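Student: You'll find run30.pdb just under this line, and it carries PDB, C-alpha atoms and all ligand atoms.
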ATOM      1  CA  MET A   1      75.845  67.362 104.367
ATOM      2  CA  GLY A   2      77.470  70.474 102.776
ATOM      3  CA  PHE A   3      75.430  73.127 101.001
ATOM      4  CA  SER A   4      76.654  71.983  97.575
ATOM      5  CA  ARG A   5      75.117  68.564  98.190
ATOM      6  CA  TRP A   6      71.863  70.150  99.306
ATOM      7  CA  VAL A   7      71.599  72.097  96.037
ATOM      8  CA  LYS A   8      70.474  68.960  94.197
ATOM      9  CA  TRP A   9      67.596  68.537  96.643
ATOM     10  CA  ILE A  10      66.724  72.228  96.904
ATOM     11  CA  LYS A  11      66.243  72.332  93.129
ATOM     12  CA  ILE A  12      63.021  70.294  93.384
ATOM     13  CA  PRO A  13      61.276  72.507  96.045
ATOM     14  CA  PHE A  14      62.599  75.556  94.142
ATOM     15  CA  PHE A  15      60.940  74.239  90.968
ATOM     16  CA  LEU A  16      57.662  73.666  92.835
ATOM     17  CA  LEU A  17      57.840  77.114  94.450
ATOM     18  CA  CYS A  18      58.245  78.747  91.033
ATOM     19  CA  LEU A  19      55.204  76.829  89.832
ATOM     20  CA  VAL A  20      53.006  78.184  92.677
ATOM     21  CA  PRO A  21      51.846  81.420  90.913
ATOM     22  CA  ALA A  22      50.763  79.417  87.832
ATOM     23  CA  GLY A  23      49.166  76.758  90.063
ATOM     24  CA  LEU A  24      47.253  79.436  91.972
ATOM     25  CA  LEU A  25      45.950  80.873  88.707
ATOM     26  CA  VAL A  26      44.672  77.437  87.645
ATOM     27  CA  TRP A  27      43.160  76.849  91.104
ATOM     28  CA  LYS A  28      41.435  80.238  91.090
ATOM     29  CA  GLY A  29      40.239  79.614  87.522
ATOM     30  CA  VAL A  30      38.718  76.262  88.444
ATOM     31  CA  HIS A  31      36.996  77.872  91.457
ATOM     32  CA  TYR A  32      35.770  80.913  89.495
ATOM     33  CA  GLU A  33      37.868  83.240  91.610
ATOM     34  CA  LEU A  34      39.561  85.205  88.848
ATOM     35  CA  THR A  35      37.453  88.323  89.605
ATOM     36  CA  ALA A  36      34.817  89.817  87.298
ATOM     37  CA  ASN A  37      37.498  90.365  84.637
ATOM     38  CA  PRO A  38      39.498  87.104  84.439
ATOM     39  CA  VAL A  39      41.546  88.138  81.367
ATOM     40  CA  GLU A  40      42.748  91.311  83.074
ATOM     41  CA  TYR A  41      43.511  89.357  86.245
ATOM     42  CA  ILE A  42      45.541  86.681  84.426
ATOM     43  CA  ARG A  43      47.331  89.328  82.345
ATOM     44  CA  ASN A  44      48.333  91.445  85.332
ATOM     45  CA  ASP A  45      49.258  88.458  87.504
ATOM     46  CA  THR A  46      51.516  86.860  84.870
ATOM     47  CA  GLY A  47      53.097  90.262  84.082
ATOM     48  CA  PHE A  48      53.859  90.756  87.768
ATOM     49  CA  TRP A  49      55.476  87.323  88.107
ATOM     50  CA  THR A  50      57.552  87.807  84.944
ATOM     51  CA  LEU A  51      59.097  90.845  86.594
ATOM     52  CA  VAL A  52      59.560  89.075  89.936
ATOM     53  CA  PHE A  53      61.425  86.186  88.278
ATOM     54  CA  LEU A  54      63.584  88.563  86.245
ATOM     55  CA  CYS A  55      64.586  90.202  89.547
ATOM     56  CA  VAL A  56      65.205  86.795  91.187
ATOM     57  CA  THR A  57      67.441  85.835  88.229
ATOM     58  CA  LEU A  58      69.364  89.107  88.554
ATOM     59  CA  ALA A  59      69.733  88.620  92.324
ATOM     60  CA  ILE A  60      71.512  85.264  92.054
ATOM     61  CA  SER A  61      74.994  86.475  91.004
ATOM     62  CA  PRO A  62      75.221  89.218  93.696
ATOM     63  CA  LEU A  63      73.917  86.774  96.340
ATOM     64  CA  ARG A  64      76.459  84.209  95.199
ATOM     65  CA  GLN A  65      79.294  86.714  95.660
ATOM     66  CA  VAL A  66      78.069  88.178  98.958
ATOM     67  CA  LEU A  67      77.355  84.769 100.530
ATOM     68  CA  HIS A  68      80.389  83.077  98.890
ATOM     69  CA  ARG A  69      78.070  80.333  97.632
ATOM     70  CA  ASN A  70      79.117  79.463  94.089
ATOM     71  CA  GLU A  71      76.526  76.685  93.975
ATOM     72  CA  LEU A  72      73.759  79.318  93.790
ATOM     73  CA  ILE A  73      74.649  79.780  90.118
ATOM     74  CA  ARG A  74      72.838  76.519  89.465
ATOM     75  CA  PHE A  75      69.502  78.267  90.160
ATOM     76  CA  ARG A  76      70.104  81.136  87.731
ATOM     77  CA  ARG A  77      69.129  79.320  84.558
ATOM     78  CA  GLN A  78      65.996  77.880  86.159
ATOM     79  CA  ALA A  79      64.906  81.291  87.514
ATOM     80  CA  GLY A  80      65.499  82.883  84.091
ATOM     81  CA  LEU A  81      63.466  80.212  82.355
ATOM     82  CA  TRP A  82      60.622  80.768  84.834
ATOM     83  CA  ALA A  83      60.700  84.488  83.995
ATOM     84  CA  PHE A  84      60.379  83.515  80.331
ATOM     85  CA  PHE A  85      57.586  81.036  81.142
ATOM     86  CA  TYR A  86      55.500  83.720  82.900
ATOM     87  CA  GLY A  87      56.430  86.183  80.127
ATOM     88  CA  VAL A  88      55.053  83.748  77.521
ATOM     89  CA  LEU A  89      51.834  83.302  79.552
ATOM     90  CA  HIS A  90      51.522  87.095  79.865
ATOM     91  CA  PHE A  91      52.105  87.576  76.142
ATOM     92  CA  LEU A  92      49.686  84.735  75.290
ATOM     93  CA  THR A  93      46.970  86.313  77.452
ATOM     94  CA  TYR A  94      47.406  89.502  75.477
ATOM     95  CA  ILE A  95      47.756  88.110  71.948
ATOM     96  CA  TRP A  96      45.259  85.279  72.351
ATOM     97  CA  LEU A  97      42.573  86.383  74.795
ATOM     98  CA  GLU A  98      42.721  90.103  73.962
ATOM     99  CA  GLN A  99      43.818  90.376  70.327
ATOM    100  CA  SER A 100      42.617  86.944  69.050
ATOM    101  CA  PHE A 101      46.030  86.352  67.428
ATOM    102  CA  ASN A 102      45.671  89.466  65.285
ATOM    103  CA  PHE A 103      49.377  90.282  64.972
ATOM    104  CA  ALA A 104      48.697  93.365  62.828
ATOM    105  CA  LEU A 105      46.549  94.788  65.634
ATOM    106  CA  MET A 106      49.309  93.954  68.097
ATOM    107  CA  MET A 107      51.962  95.751  66.036
ATOM    108  CA  ASP A 108      49.624  98.742  65.821
ATOM    109  CA  ASP A 109      49.416  98.670  69.627
ATOM    110  CA  VAL A 110      53.222  98.294  69.901
ATOM    111  CA  VAL A 111      53.740 101.370  67.711
ATOM    112  CA  LYS A 112      50.994 103.538  69.203
ATOM    113  CA  ARG A 113      51.142 102.835  72.951
ATOM    114  CA  PRO A 114      54.570 103.446  74.515
ATOM    115  CA  PHE A 115      53.902 101.130  77.467
ATOM    116  CA  ILE A 116      53.162  98.251  75.073
ATOM    117  CA  THR A 117      56.366  99.131  73.150
ATOM    118  CA  ALA A 118      58.352  98.750  76.396
ATOM    119  CA  GLY A 119      56.649  95.419  77.237
ATOM    120  CA  PHE A 120      57.286  94.158  73.725
ATOM    121  CA  ILE A 121      60.978  95.098  73.886
ATOM    122  CA  SER A 122      61.305  93.398  77.282
ATOM    123  CA  PHE A 123      59.686  90.210  75.965
ATOM    124  CA  VAL A 124      61.603  90.098  72.665
ATOM    125  CA  LEU A 125      64.917  90.479  74.536
ATOM    126  CA  MET A 126      64.080  87.465  76.677
ATOM    127  CA  ILE A 127      63.720  85.160  73.644
ATOM    128  CA  PRO A 128      67.440  84.825  72.664
ATOM    129  CA  LEU A 129      68.297  84.384  76.343
ATOM    130  CA  ALA A 130      65.859  81.511  76.804
ATOM    131  CA  LEU A 131      66.979  79.889  73.520
ATOM    132  CA  THR A 132      70.685  80.038  74.427
ATOM    133  CA  SER A 133      70.333  79.167  78.111
ATOM    134  CA  THR A 134      71.779  75.649  77.835
ATOM    135  CA  SER A 135      75.408  74.709  78.514
ATOM    136  CA  GLY A 136      75.584  73.559  74.853
ATOM    137  CA  TRP A 137      75.023  77.185  73.801
ATOM    138  CA  VAL A 138      77.625  78.443  76.275
ATOM    139  CA  ARG A 139      80.113  76.146  74.508
ATOM    140  CA  ARG A 140      78.933  77.039  70.998
ATOM    141  CA  LEU A 141      79.110  80.798  71.589
ATOM    142  CA  GLY A 142      82.129  80.761  73.879
ATOM    143  CA  GLY A 143      81.899  81.982  77.483
ATOM    144  CA  LYS A 144      82.675  85.649  76.751
ATOM    145  CA  ARG A 145      80.213  86.031  73.872
ATOM    146  CA  TRP A 146      77.544  84.145  75.812
ATOM    147  CA  GLN A 147      78.045  86.464  78.777
ATOM    148  CA  TRP A 148      77.735  89.535  76.568
ATOM    149  CA  LEU A 149      74.546  88.207  74.988
ATOM    150  CA  HIS A 150      73.061  87.434  78.402
ATOM    151  CA  ARG A 151      73.638  90.996  79.521
ATOM    152  CA  LEU A 152      70.469  91.642  77.503
ATOM    153  CA  ILE A 153      68.657  90.634  80.688
ATOM    154  CA  TYR A 154      69.554  94.061  82.125
ATOM    155  CA  LEU A 155      67.771  95.812  79.244
ATOM    156  CA  SER A 156      64.866  93.376  79.419
ATOM    157  CA  ALA A 157      64.368  94.055  83.148
ATOM    158  CA  ILE A 158      64.646  97.841  82.664
ATOM    159  CA  ALA A 159      62.113  97.742  79.794
ATOM    160  CA  GLY A 160      59.828  95.525  81.936
ATOM    161  CA  VAL A 161      59.867  98.000  84.833
ATOM    162  CA  VAL A 162      59.307 100.959  82.471
ATOM    163  CA  HIS A 163      56.360  99.016  80.955
ATOM    164  CA  TYR A 164      54.870  98.489  84.424
ATOM    165  CA  TYR A 165      55.498 102.086  85.510
ATOM    166  CA  TRP A 166      53.879 103.499  82.370
ATOM    167  CA  LYS A 167      50.945 101.121  82.703
ATOM    168  CA  VAL A 168      50.139 102.221  86.247
ATOM    169  CA  LYS A 169      48.744 105.693  85.880
ATOM    170  CA  SER A 170      48.030 106.714  89.483
ATOM    171  CA  ASP A 171      49.473 104.539  92.270
ATOM    172  CA  THR A 172      53.106 103.915  91.359
ATOM    173  CA  THR A 173      54.060 102.331  94.723
ATOM    174  CA  ILE A 174      54.682  98.795  93.452
ATOM    175  CA  PRO A 175      56.439  99.783  90.191
ATOM    176  CA  MET A 176      58.663 102.097  92.257
ATOM    177  CA  ARG A 177      59.569  99.142  94.495
ATOM    178  CA  PHE A 178      60.674  97.265  91.387
ATOM    179  CA  VAL A 179      62.677 100.339  90.344
ATOM    180  CA  ALA A 180      64.406 100.295  93.763
ATOM    181  CA  VAL A 181      65.196  96.566  93.519
ATOM    182  CA  LEU A 182      66.562  97.017  89.999
ATOM    183  CA  VAL A 183      68.693 100.004  91.031
ATOM    184  CA  ILE A 184      70.253  97.842  93.769
ATOM    185  CA  LEU A 185      70.766  94.788  91.518
ATOM    186  CA  LEU A 186      72.185  96.711  88.558
ATOM    187  CA  GLY A 187      74.001  99.236  90.770
ATOM    188  CA  TYR A 188      75.808  96.366  92.476
ATOM    189  CA  ARG A 189      77.187  95.274  89.087
ATOM    190  CA  VAL A 190      78.501  98.763  88.375
ATOM    191  CA  VAL A 191      79.796  99.742  91.821
ATOM    192  CA  VAL A 192      81.481  96.520  92.982
ATOM    193  CA  PRO A 193      83.905  96.223  90.002
ATOM    194  CA  ILE A 194      84.817  99.923  90.475
ATOM    195  CA  ILE A 195      85.570  99.380  94.186
ATOM    196  CA  LYS A 196      87.550  96.212  93.369
ATOM    197  CA  SER A 197      89.680  97.869  90.693
ATOM    198  CA  ALA A 198      90.287 100.873  92.975
ATOM    199  CA  ARG A 199      91.501  98.529  95.721
ATOM    200  CA  GLN A 200      93.751  96.417  93.530
ATOM    201  CA  PRO A 201      96.429  99.036  92.680
ATOM    202  CA  ALA A 202      96.452 100.097  96.348
ATOM    203  CA  ARG A 203      97.119  96.496  97.430
ATOM    204  CA  HIS A 204      99.733  96.222  94.712
ATOM    205  CA  ALA A 205     101.495  99.319  96.030
ATOM    206  CA  VAL A 206     101.487  97.927  99.603
ATOM    207  CA  SER A 207     103.013  94.601  98.516
ATOM    208  CA  HIS A 208     105.926  96.391  96.790
TER
HETATM  209  C1  LIG B 301      54.778  91.680  74.011
HETATM  210  C2  LIG B 301      54.980  91.865  75.260
HETATM  211  C3  LIG B 301      53.963  92.445  76.237
HETATM  212  C4  LIG B 301      52.698  92.938  76.038
HETATM  213  C5  LIG B 301      51.958  93.062  74.749
HETATM  214  C6  LIG B 301      52.185  93.329  77.344
HETATM  215  C7  LIG B 301      50.933  93.858  77.584
HETATM  216  C8  LIG B 301      50.425  94.236  78.793
HETATM  217  C9  LIG B 301      49.126  94.789  79.020
HETATM  218  C10 LIG B 301      48.089  95.075  77.935
HETATM  219  C11 LIG B 301      49.014  95.003  80.346
HETATM  220  C12 LIG B 301      47.788  95.545  81.093
HETATM  221  C13 LIG B 301      47.597  96.993  80.891
HETATM  222  C14 LIG B 301      46.354  97.539  81.534
HETATM  223  O1  LIG B 301      45.710  96.858  82.337
HETATM  224  O2  LIG B 301      46.039  98.672  81.233
HETATM  225  C15 LIG B 301      50.255  94.604  80.966
HETATM  226  C16 LIG B 301      50.506  94.694  82.293
HETATM  227  C17 LIG B 301      51.705  94.345  82.870
HETATM  228  N1  LIG B 301      52.784  93.784  82.241
HETATM  229 FE1  LIG B 301      52.965  93.441  80.280
HETATM  230  N2  LIG B 301      53.141  93.078  78.282
HETATM  231  C18 LIG B 301      54.243  92.539  77.657
HETATM  232  C19 LIG B 301      55.414  92.123  78.233
HETATM  233  C20 LIG B 301      55.694  92.219  79.565
HETATM  234  C21 LIG B 301      56.917  91.791  80.173
HETATM  235  C22 LIG B 301      58.095  91.140  79.443
HETATM  236  C23 LIG B 301      56.817  92.071  81.518
HETATM  237  C24 LIG B 301      57.801  91.839  82.601
HETATM  238  C25 LIG B 301      59.079  91.933  82.471
HETATM  239  C26 LIG B 301      55.511  92.641  81.742
HETATM  240  C27 LIG B 301      55.028  93.047  82.952
HETATM  241  C28 LIG B 301      53.778  93.588  83.179
HETATM  242  C29 LIG B 301      53.296  94.021  84.478
HETATM  243  C30 LIG B 301      54.083  93.944  85.790
HETATM  244  C31 LIG B 301      51.991  94.488  84.284
HETATM  245  C32 LIG B 301      51.065  95.086  85.305
HETATM  246  C33 LIG B 301      50.570  94.111  86.319
HETATM  247  C34 LIG B 301      49.672  94.760  87.341
HETATM  248  O3  LIG B 301      49.093  95.816  87.087
HETATM  249  O4  LIG B 301      49.543  94.175  88.407
HETATM  250  N3  LIG B 301      54.869  92.719  80.533
HETATM  251  N4  LIG B 301      51.093  94.133  79.999
END
Would you mind giving the structure from this file in structure tokens?
Ligand code: HEM
Tutor:
Amino acid sequence: MGFSRWVKWIKIPFFLLCLVPAGLLVWKGVHYELTANPVEYIRNDTGFWTLVFLCVTLAISPLRQVLHRNELIRFRRQAGLWAFFYGVLHFLTYIWLEQSFNFALMMDDVVKRPFITAGFISFVLMIPLALTSTSGWVRRLGGKRWQWLHRLIYLSAIAGVVHYYWKVKSDTTIPMRFVAVLVILLGYRVVVPIIKSARQPARHAVSH
């Protein structure tokens, strides 16, 4: 069976794999294993996984090109929606369990604490992407416009990493790893088109 046929079957384990962090949180909650500060634990865990899934989403197009596996594109939407799912959980932990749905208090926090501003920007940018993720919206907006809109994921991921980096005051090891991953994933998108366009005229000249 070719890889393209496997994709249909891989989608189910992929779905279950993406559900594992949320499942673990529920399991730990049921077994009273969410540390002495469960709200902080849930908040940090969901924030971490939001960032991981944003990176996974951003990794799919480069992987697809490097491995010459076009079928991988079929995982991109799902990965992006999982990033949004964990982002919503993260936001809910903050607005519900910490701020008791006091949106005025939240906006005060957004204005006064730069790391919250960055998190807020990252989250808000994810909303139009999740809403327009369906093929119906690709058609409605037109491929080019849809692609432009979905480039907001770059800004969302950058704001997410800045949010994490600013949050961690002393040990920046893990945020710096996310910075490195993002530099590779976004750098690939800048460098590869430059290399390709530099090669094209050269090839053109050879063929003449
Ligand atoms: C309205 C949006 C958001 C708010 C209000 C918010 C708020 C917070 C707060 C209060 C913390 C904990 C700070 C502390 O312990 O001192 C935190 C941690 C974190 N947030 Fe957010 N956040 C938002 C969006 C996001 C988004 C979109 C991402 C990912 C792209 C994200 C990723 C993280 C990460 C990775 C951590 C730290 C986890 C750790 O320390 O292990 N946040 N956030």
Student: Separation of CA of Pro38 in chain A and CA of Thr173 in chain A, in Å?
Tutor: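 Computing it gives 23.4 Å between the two atoms.
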Student: Translate the PyMOL selection byres (((not hetatm)) within 7 of (chain B and resi 301)), as applied to the file shown, into an explicit residue set as a PDB file with C-alpha atoms, in the coordinates of the input.
Tutor:
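result-v1.pdb, freshly written:
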ATOM      1  CA  GLU A  40      42.748  91.311  83.074  1.00  0.00           C
ATOM      2  CA  ARG A  43      47.331  89.328  82.345  1.00  0.00           C
ATOM      3  CA  ASN A  44      48.333  91.445  85.332  1.00  0.00           C
ATOM      4  CA  ASP A  45      49.258  88.458  87.504  1.00  0.00           C
ATOM      5  CA  GLY A  47      53.097  90.262  84.082  1.00  0.00           C
ATOM      6  CA  PHE A  48      53.859  90.756  87.768  1.00  0.00           C
ATOM      7  CA  THR A  50      57.552  87.807  84.944  1.00  0.00           C
ATOM      8  CA  LEU A  51      59.097  90.845  86.594  1.00  0.00           C
ATOM      9  CA  LEU A  54      63.584  88.563  86.245  1.00  0.00           C
ATOM     10  CA  GLY A  87      56.430  86.183  80.127  1.00  0.00           C
ATOM     11  CA  HIS A  90      51.522  87.095  79.865  1.00  0.00           C
ATOM     12  CA  PHE A  91      52.105  87.576  76.142  1.00  0.00           C
ATOM     13  CA  TYR A  94      47.406  89.502  75.477  1.00  0.00           C
ATOM     14  CA  ILE A 116      53.162  98.251  75.073  1.00  0.00           C
ATOM     15  CA  GLY A 119      56.649  95.419  77.237  1.00  0.00           C
ATOM     16  CA  PHE A 120      57.286  94.158  73.725  1.00  0.00           C
ATOM     17  CA  ILE A 121      60.978  95.098  73.886  1.00  0.00           C
ATOM     18  CA  SER A 122      61.305  93.398  77.282  1.00  0.00           C
ATOM     19  CA  PHE A 123      59.686  90.210  75.965  1.00  0.00           C
ATOM     20  CA  SER A 156      64.866  93.376  79.419  1.00  0.00           C
ATOM     21  CA  ALA A 157      64.368  94.055  83.148  1.00  0.00           C
ATOM     22  CA  GLY A 160      59.828  95.525  81.936  1.00  0.00           C
ATOM     23  CA  VAL A 161      59.867  98.000  84.833  1.00  0.00           C
ATOM     24  CA  HIS A 163      56.360  99.016  80.955  1.00  0.00           C
ATOM     25  CA  TYR A 164      54.870  98.489  84.424  1.00  0.00           C
ATOM     26  CA  LYS A 167      50.945 101.121  82.703  1.00  0.00           C
ATOM     27  CA  VAL A 168      50.139 102.221  86.247  1.00  0.00           C
TER      28      VAL A 168
END
Student: Please, what is the axis-aligned box for every listed atom of range 160-174 of chain A with 6 Å on each side, as centre and edge lengths in Å to one decimal, as JSON?
Tutor:
{"center_x": 53.9, "center_y": 101.1, "center_z": 87.8, "size_x": 23.8, "size_y": 23.2, "size_z": 25.8}
Student: Please enumerate the residues selected by the PyMOL selection byres (((chain A and resi 134-141) around 12) and not hetatm) when evaluated against the supplied file, formatted as a PyMOL selection string.
Tutor: chain A and resi 74+76-78+80-81+128-133+142-150
Student: Rounded to one decimal place, report the CA of Ile158 in chain A-CA of Tyr86 in chain A distance in Å.
Tutor: 16.8 Å
Student: Quick one: pull the distance between CA of Ile195 in chain A and CA of Gln65 in chain A, Å, one decimal.
Tutor: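 So the answer is 14.2 Å.
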Student: Near Glu71 in chain A, within 8 Å and counting all atoms listed in the file, which residues show up once chain neighbours fewer than 2 positions away are dropped, as a list in words?
Tutor: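 Returned residues: Phe3, Ser4, Val7, Arg64, Arg69, Ile73 and Arg74 of chain A.
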Student: Which residue, A:Met107, A:Cys55, A:Phe15, A:Lys112, has the smallest gap to Ala180 in chain A when you use all atoms listed in the file?
Tutor: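 Using all atoms listed in the file, the shortest distance to Ala180 in chain A belongs to A:Cys55.
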Student: Which residue is closest to Leu58 in chain A? Choose from A:Trp96, A:Tyr41, A:Phe75, A:Phe14 and count all atoms listed in the file.
Tutor: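 Closest candidate: A:Phe75.
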Student: Run through the PyMOL selection byres (((chain A and resi 189) around 12) and not hetatm) on the given coordinates and return the selected residues as a VMD selection string.
Tutor: chain A and resid 58 to 63 65 151 154 182 to 188 190 to 196
Student: When distances are computed from all atoms listed in the file, which of A:Cys18, A:Val110, A:Ala118, A:Leu97 shows the smallest separation from Ala79 in chain A?
Tutor: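 Of all the options, A:Cys18 lies closest to Ala79 in chain A.
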Student: Could you pull range 59-70 of chain A out of the structure just shown and give N, CA and C atoms as a compact mmCIF listing (two decimals), in the first residue's frame?
Tutor:
# COMPACT_ATOMS: atom_id res chain seq x y z
N ALA A 59 5.92 22.92 10.69
CA ALA A 59 6.93 21.98 10.17
C ALA A 59 6.40 21.18 8.98
N ILE A 60 5.07 21.15 8.81
CA ILE A 60 4.50 20.24 7.81
C ILE A 60 4.88 20.62 6.37
N SER A 61 4.77 21.91 6.02
CA SER A 61 5.12 22.29 4.63
C SER A 61 6.59 22.03 4.29
N PRO A 62 7.56 22.43 5.16
CA PRO A 62 8.96 22.09 4.85
C PRO A 62 9.19 20.58 4.74
N LEU A 63 8.58 19.81 5.67
CA LEU A 63 8.75 18.35 5.63
C LEU A 63 8.21 17.78 4.32
N ARG A 64 7.07 18.32 3.91
CA ARG A 64 6.41 17.89 2.68
C ARG A 64 7.34 18.11 1.48
N GLN A 65 8.02 19.26 1.47
CA GLN A 65 8.92 19.56 0.35
C GLN A 65 10.19 18.72 0.40
N VAL A 66 10.77 18.60 1.62
CA VAL A 66 12.04 17.88 1.75
C VAL A 66 11.84 16.39 1.46
N LEU A 67 10.72 15.83 1.96
CA LEU A 67 10.48 14.39 1.79
C LEU A 67 9.73 14.06 0.50
N HIS A 68 9.32 15.11 -0.24
CA HIS A 68 8.51 14.93 -1.47
C HIS A 68 7.25 14.12 -1.18
N ARG A 69 6.60 14.46 -0.05
CA ARG A 69 5.37 13.77 0.34
C ARG A 69 4.23 14.78 0.41
N ASN A 70 3.58 15.01 -0.73
CA ASN A 70 2.50 16.00 -0.77
C ASN A 70 1.36 15.67 0.17
